[in-house]
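**Student:** Take this structure first; my questions come after.
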Amino acid sequence: VCGSCVTGYALNGSTCVLCSSVVTQCSACTVSVCTSCNTGYFLNTSTSCVSCGTPLSNCLTCNSASACTTCASGFTVGSTNTCVTCSSQITGCNTCSTTSTCTACSPSYYLTSGNTCTLCTNSLANCSICTSSSVCTSCVNNQYVLASNNTCVACNQFISNCTSCSSASVCTVCTSGYTISSGNQCSLCSSFINNCSTCSSQSTCTQCNVNYGLTNSSLCELCSTPLTGCSTCTNVN
């Protein structure tokens, strides 16, 4: 004859009955009354264990229907014992342990020694993603590129007349009047097409110098050659 049961069971006559078979998610009980629920649940009535997340959004563990003790990632217990977003308590915070202690910041912020978040651009000009106040991992746009010292530097500091680049040695867009040349550098349009002022490639002129007009093949020809007496023109076709 059994005289007592281990935690999680209740003595029913001479046998031990699992508490969770009496009340779902019950961890401790008497024969018909639950006295404690599993983690993540609270005792609503003697015959009911309710998930903390039902009355308390984003709550993982709680003491009652109105008192959360642990929140889901990205949330923390606020002043009213409910879950509030970390970012609403600490600007730029992604995860936190309390309303004043951030543990991880959003990508455009970095974690300070005071467990708060600071914008990358506040410490690193033109930096969009960083790991600290001195280490940038991504720049704001393709007009800047990461230098060896983990800061963002304008493309034209590495490649003359370059406005957009994918690295310090590869230009993707040149300033007006220039086009991508061999070695992914920028060269004057006129170095590829005589009398061309702007171009979209080494073989396609989009605007010619004064007194010259565009041909059908996107080259430049003197206006007066096909157009007798003409000094200025847009095309010579």
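Ordered as shown in the structure tokens, chains take letters A, B, and onward, while each chain numbers its residues from 1 and ligands are numbered from 1 in the order shown.
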Would you mind listing what lies within 12 Å of stretch 22-30 of chain A as a tab-separated table (two decimals) with N, CA, C and O atoms, in the first residue's frame, with only C-alpha atoms counted and same-chain residues fewer than 6 positions away left out?

**Tutor:**
chain	number	residue	atom	x	y	z
A	4	SER	N	2.55	7.71	0.20
A	4	SER	CA	2.72	9.06	-0.36
A	4	SER	C	3.32	8.96	-1.76
A	4	SER	O	3.99	7.97	-2.08
A	5	CYS	N	3.11	10.01	-2.54
A	5	CYS	CA	3.58	10.01	-3.94
A	5	CYS	C	4.64	11.10	-4.14
A	5	CYS	O	4.72	12.07	-3.38
A	6	VAL	N	5.42	10.93	-5.20
A	6	VAL	CA	6.43	11.93	-5.54
A	6	VAL	C	5.73	13.15	-6.16
A	6	VAL	O	4.56	13.08	-6.54
A	7	THR	N	6.47	14.25	-6.24
A	7	THR	CA	5.91	15.48	-6.82
A	7	THR	C	5.42	15.22	-8.24
A	7	THR	O	6.09	14.58	-9.04
A	8	GLY	N	4.24	15.72	-8.53
A	8	GLY	CA	3.66	15.52	-9.85
A	8	GLY	C	2.60	14.44	-9.85
A	8	GLY	O	1.92	14.23	-10.85
A	9	TYR	N	2.47	13.75	-8.69
A	9	TYR	CA	1.47	12.71	-8.53
A	9	TYR	C	0.65	12.98	-7.27
A	9	TYR	O	1.10	13.65	-6.34
A	10	ALA	N	-0.58	12.42	-7.22
A	10	ALA	CA	-1.45	12.55	-6.05
A	10	ALA	C	-1.90	11.16	-5.62
A	10	ALA	O	-2.13	10.28	-6.45
A	11	LEU	N	-2.00	10.97	-4.32
A	11	LEU	CA	-2.42	9.67	-3.78
A	11	LEU	C	-3.94	9.53	-3.87
A	11	LEU	O	-4.69	10.31	-3.31
A	12	ASN	N	-4.37	8.56	-4.62
A	12	ASN	CA	-5.80	8.27	-4.77
A	12	ASN	C	-6.04	6.86	-4.27
A	12	ASN	O	-5.82	5.89	-4.98
A	13	GLY	N	-6.45	6.80	-3.02
A	13	GLY	CA	-6.58	5.48	-2.38
A	13	GLY	C	-5.20	4.93	-2.09
A	13	GLY	O	-4.46	5.49	-1.25
A	16	CYS	N	-0.93	6.07	-7.07
A	16	CYS	CA	-0.52	7.45	-7.40
A	16	CYS	C	-1.04	7.82	-8.79
A	16	CYS	O	-0.85	7.08	-9.76
A	36	SER	N	-0.45	23.60	-8.37
A	36	SER	CA	0.64	24.27	-9.07
A	36	SER	C	0.68	23.81	-10.53
A	36	SER	O	0.41	22.65	-10.83
A	37	CYS	N	1.02	24.73	-11.43
A	37	CYS	CA	1.06	24.41	-12.86
A	37	CYS	C	2.50	24.34	-13.38
A	37	CYS	O	3.44	24.82	-12.74
A	38	ASN	N	2.64	23.76	-14.56
A	38	ASN	CA	3.95	23.69	-15.20
A	38	ASN	C	4.44	25.08	-15.58
A	38	ASN	O	3.65	26.03	-15.66
A	39	THR	N	5.76	25.20	-15.79
A	39	THR	CA	6.34	26.48	-16.22
A	39	THR	C	5.67	26.96	-17.50
A	39	THR	O	5.48	26.19	-18.44
A	40	GLY	N	5.31	28.24	-17.51
A	40	GLY	CA	4.63	28.80	-18.66
A	40	GLY	C	3.12	28.82	-18.50
A	40	GLY	O	2.41	29.29	-19.39
A	41	TYR	N	2.64	28.30	-17.38
A	41	TYR	CA	1.20	28.26	-17.09
A	41	TYR	C	0.96	28.80	-15.68
A	41	TYR	O	1.85	28.79	-14.83
A	42	PHE	N	-0.26	29.28	-15.44
A	42	PHE	CA	-0.62	29.75	-14.10
A	42	PHE	C	-1.93	29.09	-13.68
A	42	PHE	O	-2.73	28.67	-14.51
A	43	LEU	N	-2.11	29.00	-12.38
A	43	LEU	CA	-3.32	28.37	-11.82
A	43	LEU	C	-4.47	29.36	-11.85
A	43	LEU	O	-4.51	30.32	-11.11
A	44	ASN	N	-5.39	29.12	-12.78
A	44	ASN	CA	-6.53	30.02	-12.94
A	44	ASN	C	-7.62	29.67	-11.92
A	44	ASN	O	-8.17	30.54	-11.26
A	45	THR	N	-7.92	28.38	-11.82
A	45	THR	CA	-8.83	27.85	-10.81
A	45	THR	C	-8.20	26.54	-10.35
A	45	THR	O	-7.17	26.12	-10.87
A	46	SER	N	-8.77	25.91	-9.39
A	46	SER	CA	-8.22	24.64	-8.88
A	46	SER	C	-8.30	23.54	-9.93
A	46	SER	O	-7.70	22.48	-9.76
A	47	THR	N	-9.03	23.79	-10.99
A	47	THR	CA	-9.17	22.76	-12.02
A	47	THR	C	-8.72	23.25	-13.40
A	47	THR	O	-9.06	22.68	-14.42
A	48	SER	N	-7.92	24.34	-13.41
A	48	SER	CA	-7.52	24.89	-14.72
A	48	SER	C	-6.15	25.56	-14.69
A	48	SER	O	-5.89	26.44	-13.87
A	49	CYS	N	-5.27	25.10	-15.58
A	49	CYS	CA	-3.97	25.75	-15.80
A	49	CYS	C	-4.03	26.44	-17.16
A	49	CYS	O	-4.34	25.82	-18.18
A	50	VAL	N	-3.72	27.74	-17.18
A	50	VAL	CA	-3.81	28.54	-18.41
A	50	VAL	C	-2.43	29.04	-18.83
A	50	VAL	O	-1.62	29.43	-17.99
A	51	SER	N	-2.17	29.01	-20.13
A	51	SER	CA	-0.89	29.49	-20.66
A	51	SER	C	-0.72	30.97	-20.35
A	51	SER	O	-1.65	31.77	-20.51
A	52	CYS	N	0.48	31.34	-19.91
A	52	CYS	CA	0.76	32.74	-19.58
A	52	CYS	C	0.53	33.66	-20.77
A	52	CYS	O	0.12	34.81	-20.62

**Student:** Any idea what's packed within 10 Å of stretch 227-231 of chain A, counting only C-alpha atoms, ignoring anything in its chain fewer than 4 positions away? Could you give it as a ChimeraX atom specification?

**Tutor:** /A:210-213,222-223,235-237

**Student:** Please list as number ranges by chain every residue within 8 Å of A:Thr172, counting only C-alpha atoms and excluding residues in the same chain fewer than 2 positions away.

**Tutor:** A: 162-166, 170, 174, 180, 184

**Student:** Could you write out the selected residues, including C-alpha atoms, as a PDB file, in the first residue's frame?

**Tutor:**
ATOM      1  CA  CYS A 162      33.776  57.166 -59.541  1.00  0.00           C
ATOM      2  CA  THR A 163      30.389  57.783 -57.908  1.00  0.00           C
ATOM      3  CA  SER A 164      29.392  54.204 -57.063  1.00  0.00           C
ATOM      4  CA  CYS A 165      31.533  51.146 -56.399  1.00  0.00           C
ATOM      5  CA  SER A 166      31.367  47.595 -55.088  1.00  0.00           C
ATOM      6  CA  VAL A 170      35.835  48.121 -58.669  1.00  0.00           C
ATOM      7  CA  CYS A 174      31.281  56.934 -63.104  1.00  0.00           C
ATOM      8  CA  ILE A 180      33.843  52.229 -66.932  1.00  0.00           C
ATOM      9  CA  ASN A 184      36.881  48.750 -63.566  1.00  0.00           C
TER      10      ASN A 184
END

**Student:** Quick one: pull the distance between atom CA of A:Leu119 and atom CA of A:Thr76, Å, one decimal.

**Tutor:**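 So the two atoms, atom CA of A:Leu119 and atom CA of A:Thr76, lie 21.7 Å apart.
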
**Student:** Which parts of stretch 4-233 of chain A does DSSP call strand (DSSP E) when run on the backbone here, written out as a compact mmCIF listing (two decimals) with N, CA, C and O atoms, in the first residue's frame?

**Tutor:**
# COMPACT_ATOMS: atom_id res chain seq x y z
N TYR A 9 2.47 13.75 -8.69
CA TYR A 9 1.47 12.71 -8.53
C TYR A 9 0.65 12.98 -7.27
O TYR A 9 1.10 13.65 -6.34
N ALA A 10 -0.58 12.42 -7.22
CA ALA A 10 -1.45 12.55 -6.05
C ALA A 10 -1.90 11.16 -5.62
O ALA A 10 -2.13 10.28 -6.45
N LEU A 11 -2.00 10.97 -4.32
CA LEU A 11 -2.42 9.67 -3.78
C LEU A 11 -3.94 9.53 -3.87
O LEU A 11 -4.69 10.31 -3.31
N ASN A 12 -4.37 8.56 -4.62
CA ASN A 12 -5.80 8.27 -4.77
C ASN A 12 -6.04 6.86 -4.27
O ASN A 12 -5.82 5.89 -4.98
N THR A 15 -3.07 4.20 -4.78
CA THR A 15 -2.28 4.36 -6.00
C THR A 15 -1.97 5.85 -6.26
O THR A 15 -2.65 6.74 -5.75
N CYS A 16 -0.93 6.07 -7.07
CA CYS A 16 -0.52 7.45 -7.40
C CYS A 16 -1.04 7.82 -8.79
O CYS A 16 -0.85 7.08 -9.76
N VAL A 17 -1.68 8.96 -8.84
CA VAL A 17 -2.27 9.45 -10.09
C VAL A 17 -1.49 10.68 -10.57
O VAL A 17 -1.21 11.59 -9.78
N LEU A 18 -1.12 10.69 -11.86
CA LEU A 18 -0.37 11.81 -12.44
C LEU A 18 -1.24 13.07 -12.42
O LEU A 18 -2.37 13.07 -12.90
N CYS A 26 -0.84 20.51 -15.13
CA CYS A 26 -0.71 20.61 -13.67
C CYS A 26 0.55 19.87 -13.21
O CYS A 26 0.85 18.77 -13.67
N SER A 27 1.31 20.50 -12.33
CA SER A 27 2.57 19.90 -11.86
C SER A 27 2.49 19.38 -10.43
O SER A 27 3.28 18.54 -10.03
N ALA A 28 1.55 19.87 -9.64
CA ALA A 28 1.36 19.41 -8.26
C ALA A 28 -0.13 19.48 -7.92
O ALA A 28 -0.82 20.42 -8.30
N CYS A 29 -0.62 18.45 -7.18
CA CYS A 29 -2.06 18.40 -6.91
C CYS A 29 -2.42 17.47 -5.77
O CYS A 29 -1.58 16.73 -5.25
N CYS A 34 -5.76 20.95 -8.40
CA CYS A 34 -4.41 21.32 -8.82
C CYS A 34 -3.92 22.46 -7.92
O CYS A 34 -4.65 23.40 -7.64
N THR A 35 -2.67 22.33 -7.49
CA THR A 35 -2.11 23.37 -6.61
C THR A 35 -0.97 24.15 -7.27
O THR A 35 -0.60 25.22 -6.82
N SER A 36 -0.45 23.60 -8.37
CA SER A 36 0.64 24.27 -9.07
C SER A 36 0.68 23.81 -10.53
O SER A 36 0.41 22.65 -10.83
N CYS A 37 1.02 24.73 -11.43
CA CYS A 37 1.06 24.41 -12.86
C CYS A 37 2.50 24.34 -13.38
O CYS A 37 3.44 24.82 -12.74
N TYR A 41 2.64 28.30 -17.38
CA TYR A 41 1.20 28.26 -17.09
C TYR A 41 0.96 28.80 -15.68
O TYR A 41 1.85 28.79 -14.83
N PHE A 42 -0.26 29.28 -15.44
CA PHE A 42 -0.62 29.75 -14.10
C PHE A 42 -1.93 29.09 -13.68
O PHE A 42 -2.73 28.67 -14.51
N LEU A 43 -2.11 29.00 -12.38
CA LEU A 43 -3.32 28.37 -11.82
C LEU A 43 -4.47 29.36 -11.85
O LEU A 43 -4.51 30.32 -11.11
N ASN A 44 -5.39 29.12 -12.78
CA ASN A 44 -6.53 30.02 -12.94
C ASN A 44 -7.62 29.67 -11.92
O ASN A 44 -8.17 30.54 -11.26
N THR A 45 -7.92 28.38 -11.82
CA THR A 45 -8.83 27.85 -10.81
C THR A 45 -8.20 26.54 -10.35
O THR A 45 -7.17 26.12 -10.87
N SER A 48 -7.92 24.34 -13.41
CA SER A 48 -7.52 24.89 -14.72
C SER A 48 -6.15 25.56 -14.69
O SER A 48 -5.89 26.44 -13.87
N CYS A 49 -5.27 25.10 -15.58
CA CYS A 49 -3.97 25.75 -15.80
C CYS A 49 -4.03 26.44 -17.16
O CYS A 49 -4.34 25.82 -18.18
N VAL A 50 -3.72 27.74 -17.18
CA VAL A 50 -3.81 28.54 -18.41
C VAL A 50 -2.43 29.04 -18.83
O VAL A 50 -1.62 29.43 -17.99
N SER A 51 -2.17 29.01 -20.13
CA SER A 51 -0.89 29.49 -20.66
C SER A 51 -0.72 30.97 -20.35
O SER A 51 -1.65 31.77 -20.51
N CYS A 59 4.28 36.66 -23.16
CA CYS A 59 4.76 36.24 -21.85
C CYS A 59 5.07 34.74 -21.85
O CYS A 59 4.29 33.93 -22.33
N LEU A 60 6.24 34.38 -21.31
CA LEU A 60 6.67 32.98 -21.26
C LEU A 60 6.40 32.34 -19.90
O LEU A 60 5.98 31.18 -19.82
N THR A 61 6.67 33.07 -18.84
CA THR A 61 6.38 32.57 -17.48
C THR A 61 5.69 33.67 -16.68
O THR A 61 5.95 34.86 -16.89
N CYS A 62 4.82 33.26 -15.74
CA CYS A 62 4.06 34.24 -14.97
C CYS A 62 3.63 33.68 -13.63
O CYS A 62 3.68 32.48 -13.39
N ASN A 63 3.20 34.57 -12.75
CA ASN A 63 2.68 34.18 -11.44
C ASN A 63 1.16 34.17 -11.42
O ASN A 63 0.55 33.49 -10.61
N SER A 64 0.58 34.96 -12.33
CA SER A 64 -0.87 35.05 -12.40
C SER A 64 -1.27 35.60 -13.76
O SER A 64 -0.41 35.84 -14.62
N ALA A 67 0.49 39.10 -13.94
CA ALA A 67 1.88 39.32 -13.53
C ALA A 67 2.84 38.39 -14.27
O ALA A 67 3.02 37.23 -13.92
N CYS A 68 3.42 38.93 -15.34
CA CYS A 68 4.41 38.18 -16.11
C CYS A 68 5.77 38.28 -15.44
O CYS A 68 6.11 39.31 -14.86
N THR A 69 6.55 37.20 -15.51
CA THR A 69 7.90 37.20 -14.92
C THR A 69 9.00 37.08 -15.98
O THR A 69 10.12 37.53 -15.77
N THR A 70 8.67 36.46 -17.12
CA THR A 70 9.65 36.32 -18.21
C THR A 70 8.94 36.52 -19.55
O THR A 70 7.89 35.93 -19.79
N CYS A 71 9.55 37.33 -20.41
CA CYS A 71 8.96 37.60 -21.72
C CYS A 71 9.75 36.94 -22.85
O CYS A 71 10.89 36.53 -22.67
N PHE A 75 11.32 41.30 -25.97
CA PHE A 75 10.40 41.91 -24.99
C PHE A 75 11.00 41.81 -23.59
O PHE A 75 11.88 40.99 -23.34
N THR A 76 10.51 42.63 -22.69
CA THR A 76 10.92 42.58 -21.28
C THR A 76 9.73 42.96 -20.41
O THR A 76 8.76 43.56 -20.88
N VAL A 77 9.80 42.59 -19.14
CA VAL A 77 8.71 42.90 -18.21
C VAL A 77 8.73 44.39 -17.88
O VAL A 77 9.74 44.92 -17.41
N CYS A 83 4.42 42.52 -20.86
CA CYS A 83 5.59 42.53 -21.75
C CYS A 83 5.57 43.74 -22.68
O CYS A 83 4.57 44.00 -23.35
N VAL A 84 6.69 44.46 -22.70
CA VAL A 84 6.84 45.61 -23.59
C VAL A 84 8.05 45.36 -24.48
O VAL A 84 8.97 44.64 -24.11
N THR A 85 8.04 45.94 -25.68
CA THR A 85 9.17 45.74 -26.59
C THR A 85 10.42 46.44 -26.06
O THR A 85 10.33 47.52 -25.46
N CYS A 93 17.12 49.13 -29.56
CA CYS A 93 17.42 47.86 -28.88
C CYS A 93 16.60 46.72 -29.47
O CYS A 93 15.40 46.83 -29.67
N ASN A 94 17.26 45.60 -29.70
CA ASN A 94 16.62 44.42 -30.27
C ASN A 94 16.22 43.42 -29.19
O ASN A 94 15.11 42.91 -29.19
N THR A 95 17.14 43.13 -28.29
CA THR A 95 16.84 42.25 -27.15
C THR A 95 17.38 42.88 -25.88
O THR A 95 18.40 43.57 -25.91
N CYS A 96 16.69 42.63 -24.76
CA CYS A 96 17.10 43.23 -23.49
C CYS A 96 16.77 42.33 -22.33
O CYS A 96 15.92 41.44 -22.44
N SER A 97 17.43 42.56 -21.21
CA SER A 97 17.16 41.78 -19.99
C SER A 97 16.25 42.53 -19.03
O SER A 97 15.52 41.94 -18.25
N THR A 98 16.30 43.86 -19.10
CA THR A 98 15.41 44.73 -18.30
C THR A 98 15.04 45.93 -19.17
O THR A 98 15.53 46.08 -20.29
N THR A 101 18.42 47.73 -19.62
CA THR A 101 19.63 46.98 -20.00
C THR A 101 19.43 46.25 -21.32
O THR A 101 18.74 45.23 -21.39
N CYS A 102 20.04 46.79 -22.36
CA CYS A 102 19.96 46.15 -23.68
C CYS A 102 21.08 45.11 -23.80
O CYS A 102 22.18 45.30 -23.28
N THR A 103 20.78 44.02 -24.47
CA THR A 103 21.78 42.96 -24.68
C THR A 103 22.21 42.86 -26.14
O THR A 103 23.28 42.36 -26.45
N ALA A 104 21.37 43.34 -27.04
CA ALA A 104 21.71 43.34 -28.47
C ALA A 104 20.93 44.44 -29.18
O ALA A 104 19.72 44.59 -28.97
N CYS A 105 21.62 45.21 -30.00
CA CYS A 105 20.98 46.32 -30.71
C CYS A 105 20.59 45.94 -32.14
O CYS A 105 21.05 44.94 -32.67
N TYR A 109 22.54 50.11 -35.12
CA TYR A 109 22.98 50.62 -33.83
C TYR A 109 24.07 49.71 -33.26
O TYR A 109 24.22 48.57 -33.68
N TYR A 110 24.81 50.23 -32.30
CA TYR A 110 25.80 49.39 -31.59
C TYR A 110 25.59 49.52 -30.08
O TYR A 110 25.07 50.53 -29.59
N LEU A 111 25.96 48.48 -29.36
CA LEU A 111 25.77 48.43 -27.91
C LEU A 111 26.88 49.20 -27.20
O LEU A 111 28.06 48.95 -27.42
N CYS A 117 21.85 51.76 -26.81
CA CYS A 117 22.20 51.67 -28.23
C CYS A 117 22.42 53.04 -28.85
O CYS A 117 21.66 53.97 -28.58
N THR A 118 23.45 53.14 -29.66
CA THR A 118 23.77 54.39 -30.36
C THR A 118 23.83 54.13 -31.85
O THR A 118 24.36 53.10 -32.29
N LEU A 119 23.27 55.05 -32.65
CA LEU A 119 23.30 54.92 -34.10
C LEU A 119 24.74 54.85 -34.63
O LEU A 119 25.59 55.62 -34.19
N CYS A 127 28.04 55.15 -42.18
CA CYS A 127 27.99 53.72 -41.83
C CYS A 127 26.56 53.31 -41.51
O CYS A 127 25.87 53.96 -40.73
N SER A 128 26.10 52.22 -42.13
CA SER A 128 24.73 51.75 -41.89
C SER A 128 24.67 50.61 -40.88
O SER A 128 23.70 50.46 -40.15
N ILE A 129 25.70 49.77 -40.86
CA ILE A 129 25.75 48.64 -39.92
C ILE A 129 27.14 48.58 -39.29
O ILE A 129 28.15 48.67 -39.98
N CYS A 130 27.17 48.44 -37.96
CA CYS A 130 28.46 48.40 -37.26
C CYS A 130 28.39 47.48 -36.05
O CYS A 130 27.31 47.12 -35.59
N CYS A 136 32.87 49.59 -38.59
CA CYS A 136 31.72 49.56 -39.50
C CYS A 136 31.80 48.28 -40.34
O CYS A 136 32.90 47.83 -40.70
N THR A 137 30.65 47.68 -40.64
CA THR A 137 30.63 46.46 -41.46
C THR A 137 29.89 46.69 -42.78
O THR A 137 30.01 45.89 -43.70
N SER A 138 29.13 47.79 -42.88
CA SER A 138 28.43 48.09 -44.13
C SER A 138 28.16 49.59 -44.22
O SER A 138 27.78 50.22 -43.23
N CYS A 139 28.38 50.16 -45.40
CA CYS A 139 28.17 51.60 -45.60
C CYS A 139 26.76 51.90 -46.09
O CYS A 139 26.05 51.00 -46.56
N TYR A 144 29.86 54.79 -51.08
CA TYR A 144 30.92 54.63 -50.09
C TYR A 144 31.34 53.17 -50.03
O TYR A 144 30.57 52.27 -50.34
N VAL A 145 32.57 52.96 -49.59
CA VAL A 145 33.10 51.60 -49.50
C VAL A 145 33.92 51.49 -48.22
O VAL A 145 34.47 52.48 -47.72
N LEU A 146 33.96 50.27 -47.65
CA LEU A 146 34.72 50.06 -46.42
C LEU A 146 36.22 50.14 -46.68
O LEU A 146 36.74 49.49 -47.58
N CYS A 152 33.92 54.17 -43.53
CA CYS A 152 33.39 54.34 -44.88
C CYS A 152 34.03 55.52 -45.59
O CYS A 152 34.05 56.63 -45.06
N VAL A 153 34.53 55.25 -46.76
CA VAL A 153 35.22 56.28 -47.56
C VAL A 153 34.55 56.38 -48.93
O VAL A 153 34.14 55.37 -49.51
N ALA A 154 34.41 57.59 -49.44
CA ALA A 154 33.78 57.81 -50.75
C ALA A 154 34.56 57.06 -51.83
O ALA A 154 35.79 57.00 -51.81
N CYS A 162 34.72 58.25 -59.80
CA CYS A 162 33.78 57.17 -59.54
C CYS A 162 32.73 57.62 -58.52
O CYS A 162 33.07 58.18 -57.48
N THR A 163 31.46 57.39 -58.83
CA THR A 163 30.39 57.78 -57.91
C THR A 163 29.79 56.59 -57.16
O THR A 163 29.19 56.75 -56.12
N SER A 164 29.94 55.40 -57.71
CA SER A 164 29.39 54.20 -57.06
C SER A 164 30.35 53.04 -57.31
O SER A 164 30.85 52.86 -58.43
N CYS A 165 30.58 52.26 -56.26
CA CYS A 165 31.53 51.15 -56.40
C CYS A 165 31.14 49.97 -55.52
O CYS A 165 30.39 50.11 -54.56
N SER A 166 31.64 48.80 -55.88
CA SER A 166 31.37 47.59 -55.09
C SER A 166 32.55 47.26 -54.19
O SER A 166 32.42 46.49 -53.24
N SER A 167 33.67 47.85 -54.46
CA SER A 167 34.86 47.70 -53.62
C SER A 167 35.80 48.86 -53.89
O SER A 167 35.53 49.71 -54.76
N VAL A 170 36.82 48.40 -57.62
CA VAL A 170 35.84 48.12 -58.67
C VAL A 170 34.75 49.20 -58.69
O VAL A 170 33.89 49.26 -57.80
N CYS A 171 34.80 50.05 -59.72
CA CYS A 171 33.78 51.09 -59.87
C CYS A 171 32.62 50.53 -60.69
O CYS A 171 32.81 49.73 -61.61
N THR A 172 31.40 50.93 -60.33
CA THR A 172 30.21 50.48 -61.05
C THR A 172 29.52 51.62 -61.79
O THR A 172 28.83 51.39 -62.77
N VAL A 173 29.69 52.86 -61.30
CA VAL A 173 29.11 54.04 -61.97
C VAL A 173 30.12 55.19 -61.90
O VAL A 173 30.65 55.50 -60.84
N CYS A 174 30.35 55.80 -63.04
CA CYS A 174 31.28 56.93 -63.10
C CYS A 174 30.52 58.26 -63.16
O CYS A 174 29.33 58.29 -63.48
N TYR A 178 32.34 60.35 -67.99
CA TYR A 178 33.27 59.22 -67.83
C TYR A 178 32.50 57.91 -67.95
O TYR A 178 31.28 57.86 -67.76
N THR A 179 33.20 56.85 -68.25
CA THR A 179 32.59 55.52 -68.33
C THR A 179 33.55 54.47 -67.80
O THR A 179 34.76 54.73 -67.66
N ILE A 180 33.02 53.31 -67.46
CA ILE A 180 33.84 52.23 -66.93
C ILE A 180 34.82 51.74 -68.00
O ILE A 180 34.43 51.43 -69.13
N CYS A 186 37.56 54.53 -64.17
CA CYS A 186 36.78 55.49 -64.95
C CYS A 186 37.66 56.25 -65.93
O CYS A 186 38.71 56.78 -65.55
N SER A 187 37.24 56.29 -67.18
CA SER A 187 37.98 57.03 -68.22
C SER A 187 37.03 57.96 -68.96
O SER A 187 35.82 57.70 -69.03
N LEU A 188 37.58 59.05 -69.51
CA LEU A 188 36.76 60.01 -70.27
C LEU A 188 36.09 59.33 -71.45
O LEU A 188 36.68 58.50 -72.13
N CYS A 196 32.99 63.04 -77.92
CA CYS A 196 31.85 62.64 -77.08
C CYS A 196 32.00 63.26 -75.69
O CYS A 196 33.06 63.18 -75.08
N SER A 197 30.92 63.88 -75.20
CA SER A 197 30.97 64.52 -73.87
C SER A 197 30.39 63.64 -72.77
O SER A 197 30.86 63.65 -71.64
N THR A 198 29.32 62.89 -73.09
CA THR A 198 28.75 61.94 -72.12
C THR A 198 28.43 60.64 -72.85
O THR A 198 28.05 60.64 -74.02
N CYS A 199 28.55 59.52 -72.12
CA CYS A 199 28.30 58.22 -72.74
C CYS A 199 27.79 57.22 -71.71
O CYS A 199 27.95 57.42 -70.50
N CYS A 205 27.79 56.74 -77.21
CA CYS A 205 27.78 58.15 -76.79
C CYS A 205 26.33 58.60 -76.63
O CYS A 205 25.45 58.19 -77.40
N THR A 206 26.07 59.43 -75.64
CA THR A 206 24.71 59.95 -75.43
C THR A 206 24.62 61.45 -75.71
O THR A 206 23.54 61.99 -75.93
N GLN A 207 25.77 62.12 -75.70
CA GLN A 207 25.80 63.55 -76.04
C GLN A 207 27.18 63.91 -76.57
O GLN A 207 28.20 63.52 -76.00
N CYS A 208 27.17 64.65 -77.65
CA CYS A 208 28.44 65.03 -78.29
C CYS A 208 28.85 66.46 -77.89
O CYS A 208 28.05 67.23 -77.35
N TYR A 212 28.96 69.05 -82.84
CA TYR A 212 28.91 67.64 -83.25
C TYR A 212 27.55 67.05 -82.90
O TYR A 212 26.89 67.49 -81.97
N GLY A 213 27.12 66.06 -83.69
CA GLY A 213 25.83 65.41 -83.44
C GLY A 213 25.98 63.90 -83.42
O GLY A 213 26.97 63.34 -83.93
N LEU A 214 24.99 63.24 -82.82
CA LEU A 214 25.03 61.78 -82.71
C LEU A 214 24.65 61.11 -84.03
O LEU A 214 23.72 61.53 -84.72
N CYS A 220 30.03 60.32 -82.78
CA CYS A 220 29.88 61.76 -82.98
C CYS A 220 30.47 62.20 -84.33
O CYS A 220 31.58 61.80 -84.70
N GLU A 221 29.69 63.03 -85.02
CA GLU A 221 30.14 63.53 -86.33
C GLU A 221 29.87 65.03 -86.40
O GLU A 221 28.88 65.53 -85.83
N LEU A 222 30.78 65.74 -87.08
CA LEU A 222 30.65 67.19 -87.23
C LEU A 222 29.33 67.52 -87.93
O LEU A 222 29.00 66.93 -88.95

**Student:** Just the alpha helix (DSSP H) stuff from stretch 107-153 of chain A, please, per backbone DSSP, written as a list in words.

**Tutor:**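 Residues meeting the alpha helix (DSSP H) criterion: Cys120, Thr121, Asn122 and Ser123 of chain A.
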
**Student:** I'd like to know which of A:Asn150, A:Ser88, A:Asn122, A:Ser73 is closest to A:Ser134, using only C-alpha atoms.

**Tutor:**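 Ranked by minimum distance to A:Ser134, first place goes to A:Asn150.
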
**Student:** When you draw a straight line from atom CA of A:Cys189 to atom CA of A:Asn142, how long is it in Å?

**Tutor:** 22.1 Å

**Student:** What's the separation between atom CA of A:Ile159 and atom CA of A:Ala125, in Å to one decimal place?

**Tutor:**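 Interatomic distance here is 19.4 Å.
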
**Student:** From the options A:Gln202, A:Thr99, A:Thr91, A:Thr232, which residue's atoms come nearest to A:Gly78, counting only C-alpha atoms?

**Tutor:**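 Looking only at the distances to A:Gly78, the closest residue turns out to be A:Thr99.
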
**Student:** Taking only C-alpha atoms into account, name the residue in A:Val1, A:Leu124, A:Cys233, A:Ile90 that is nearest to A:Val140.

**Tutor:**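 Among the listed residues, the smallest separation from A:Val140 belongs to A:Leu124.
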